[in-house]
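Following: one structure in structure tokens, then a few remarks.
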Amino acid sequence: MKSTESEYQEIIQYCQALFTKKNRDYGTSWRILRIPSLTDQIFIKAQRIRTIQEKGVQKVNEDVSSEFVGIINYCVMALIQIASSETGQDIQDSDLANLYTMQVNEVKELLFNKNHDYGEAWRDMRVSSMTDIILMKLLRIKQIEDNQGLTLVSEGVKAGYQDIINYSVFCLIKSNALQTN
């Protein structure tokens, strides 16, 4: 059995490689999106996953694993937008690669801190339950956005996006969707 760290790294490398290729195709057109628009894009992907899980069939020929990859990459985009002072501004390829790596490294550190405390409980969870948690976190993020980012006691949107990335990675690990070995 592979370690969580190696499984995590495989998935993130795949996601970043796809992100880089799409950046070559589209540039940083996503930089025009406001954070709530990114949240809605992630919500659409998570809702599609849940619908397919519930119905057991799909009519669009894109597998569920590609939706989890999309969720990860859109969350990274959101984290980059949060960290950046200017939306819409183009980012050079090398800077974008560094920003992507910086965000996923921070998320990875969070994952291993939580994984330590929770004893890899996610390994005993169902992918469908993690999908529901992703949707719940998105609804929380949407509520925080509707409240202009103000919270009384809750973590902010950044923490929500980070958790969503980690749950998406867990779903990909559990489904062995991107595993090559």
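Labeling convention for the structure tokens: chains A, B, ... as they appear, residues from 1 per chain, ligands from 1 in order of appearance.
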
Non-local contacts of Gln162 (chain A) (8 Å; only C-alpha atoms; under 3 positions in same chain excluded) as a ChimeraX atom specification: /A:75,107,110,158-159,165-166

With only C-alpha atoms as the counted atoms, please give the residues lying no more than 9 Å from region 8-17 of chain A, apart from itself and same-chain residues fewer than 5 positions off, as a PyMOL selection string. chain A and resi 3+22+69-70+72-73+97+100-101+104+108+166+169-170+172-173+178-180

Keeping C-alpha atoms for every residue in the selection just given, could you write it to a file as an mmCIF file, in the first residue's frame?
```cif
data_model
loop_
_atom_site.group_PDB
_atom_site.id
_atom_site.type_symbol
_atom_site.label_atom_id
_atom_site.label_comp_id
_atom_site.auth_asym_id
_atom_site.auth_seq_id
_atom_site.Cartn_x
_atom_site.Cartn_y
_atom_site.Cartn_z
ATOM 1 C CA SER A 3 1.652 6.110 1.692
ATOM 2 C CA LYS A 22 -4.893 24.390 -19.768
ATOM 3 C CA VAL A 69 -9.501 17.166 -10.563
ATOM 4 C CA GLY A 70 -11.424 20.223 -11.734
ATOM 5 C CA ILE A 72 -8.948 20.813 -6.986
ATOM 6 C CA ASN A 73 -7.748 23.156 -9.721
ATOM 7 C CA ALA A 97 3.672 27.484 -11.294
ATOM 8 C CA TYR A 100 0.190 26.829 -7.569
ATOM 9 C CA THR A 101 2.958 24.993 -5.709
ATOM 10 C CA VAL A 104 -0.880 23.140 -2.609
ATOM 11 C CA LYS A 108 -0.700 19.544 2.066
ATOM 12 C CA ASN A 166 -8.102 17.627 0.580
ATOM 13 C CA VAL A 169 -7.735 14.239 -3.136
ATOM 14 C CA PHE A 170 -9.121 11.670 -0.702
ATOM 15 C CA LEU A 172 -9.416 10.311 -5.952
ATOM 16 C CA ILE A 173 -7.227 8.138 -3.710
ATOM 17 C CA LEU A 178 -5.486 8.449 -11.125
ATOM 18 C CA GLN A 179 -3.255 5.760 -9.663
ATOM 19 C CA THR A 180 -0.745 4.376 -12.136
#
```

Residues at most 10 Å from Thr28 (chain A), counting only C-alpha atoms, excluding those fewer than 5 positions away in the same chain, as a ChimeraX atom specification? /A:22-23,77,88-93,96

Same residues, N, CA and C atoms, output as an mmCIF file, in the first residue's frame:
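For reference, out_28.cif as written:
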```
data_model
loop_
_atom_site.group_PDB
_atom_site.id
_atom_site.type_symbol
_atom_site.label_atom_id
_atom_site.label_comp_id
_atom_site.auth_asym_id
_atom_site.auth_seq_id
_atom_site.Cartn_x
_atom_site.Cartn_y
_atom_site.Cartn_z
ATOM 1 N N LYS A 22 -3.739 23.520 -19.518
ATOM 2 C CA LYS A 22 -4.893 24.390 -19.768
ATOM 3 C C LYS A 22 -4.466 25.854 -19.778
ATOM 4 N N ASN A 23 -3.480 26.189 -18.960
ATOM 5 C CA ASN A 23 -2.975 27.553 -18.962
ATOM 6 C C ASN A 23 -2.348 27.891 -20.316
ATOM 7 N N MET A 77 -7.193 27.952 -7.960
ATOM 8 C CA MET A 77 -7.427 29.265 -8.580
ATOM 9 C C MET A 77 -8.008 30.238 -7.553
ATOM 10 N N GLY A 88 -7.775 39.633 -12.548
ATOM 11 C CA GLY A 88 -7.755 39.989 -13.953
ATOM 12 C C GLY A 88 -6.375 40.180 -14.537
ATOM 13 N N GLN A 89 -5.407 40.388 -13.690
ATOM 14 C CA GLN A 89 -4.055 40.617 -14.185
ATOM 15 C C GLN A 89 -3.403 39.302 -14.587
ATOM 16 N N ASP A 90 -2.731 39.315 -15.728
ATOM 17 C CA ASP A 90 -2.058 38.120 -16.231
ATOM 18 C C ASP A 90 -0.906 37.729 -15.311
ATOM 19 N N ILE A 91 -0.645 36.444 -15.235
ATOM 20 C CA ILE A 91 0.464 35.923 -14.432
ATOM 21 C C ILE A 91 1.372 35.132 -15.363
ATOM 22 N N GLN A 92 2.646 35.369 -15.286
ATOM 23 C CA GLN A 92 3.612 34.635 -16.100
ATOM 24 C C GLN A 92 3.623 33.159 -15.701
ATOM 25 N N ASP A 93 3.945 32.295 -16.673
ATOM 26 C CA ASP A 93 3.921 30.846 -16.440
ATOM 27 C C ASP A 93 4.738 30.426 -15.228
ATOM 28 N N LEU A 96 3.067 31.566 -12.080
ATOM 29 C CA LEU A 96 1.861 30.786 -11.844
ATOM 30 C C LEU A 96 2.204 29.410 -11.278
#
```

Using Å and a single decimal, report how far CA of Asp40 (chain A) sits from CA of Ser129 (chain A). 20.2 Å

Pick from A:Arg24, A:Lys174, A:Gly156, A:Ser37 nearest to Ser94 (chain A), counting only C-alpha atoms: A:Arg24

DSSP alpha helix (DSSP H) residues within chain A, as a ChimeraX atom specification: /A:4-26,35-55,64-83,93-118,127-146,157-175

At a cut-off of 10 Å, using only C-alpha atoms, what residues contact Phe43 (chain A)? Leave out same-chain residues fewer than 2 positions from it and give the result as a list in words. Ser37, Leu38, Thr39, Asp40, Gln41, Lys45, Ala46, Gln47, Arg48, Ile49, Ile71, Ile134, Leu135, Met136, Lys137, Leu138, Leu139 and Lys142 of chain A

Go through A:Gln53, A:Tyr161, A:Asp63, A:Cys171 one by one, measure the shortest atom-to-atom distance of each to Met125 (chain A) using only C-alpha atoms, and give the residue with the smallest value.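 Checking each candidate against Met125 (chain A), we get A:Cys171 as the closest.
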
For Glu155 (chain A): contacts at 10 Å, only C-alpha atoms, fewer than 3 positions along chain excluded, given as number ranges by chain: A: 140-141, 144, 150-152, 158-160

Could those residues be written to a file, using C-alpha atoms, as a CSV table (one decimal), in the first residue's frame?
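Output below, filename again_12.csv:
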```
chain,number,residue,atom,x,y,z
A,140,ARG,CA,-20.8,27.5,3.9
A,141,ILE,CA,-18.4,29.4,1.6
A,144,ILE,CA,-19.7,33.6,4.0
A,150,LEU,CA,-17.6,38.3,7.8
A,151,THR,CA,-17.8,35.5,10.2
A,152,LEU,CA,-18.4,35.4,14.0
A,158,LYS,CA,-9.7,30.0,2.5
A,159,ALA,CA,-10.0,27.2,5.0
A,160,GLY,CA,-13.1,25.9,3.2
```

Between A:Ser6, A:Ser65, A:Ser175, A:Gln81, which has the minimum distance to Arg123 (chain A) (counting only C-alpha atoms)?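 Among the listed residues, A:Ser175 lies closest to Arg123 (chain A).
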
Minimum-distance residue to Tyr74 (chain A), chosen among A:Asn98, A:Ser128, A:Leu111, A:Ser168 (using only C-alpha atoms): A:Ser168
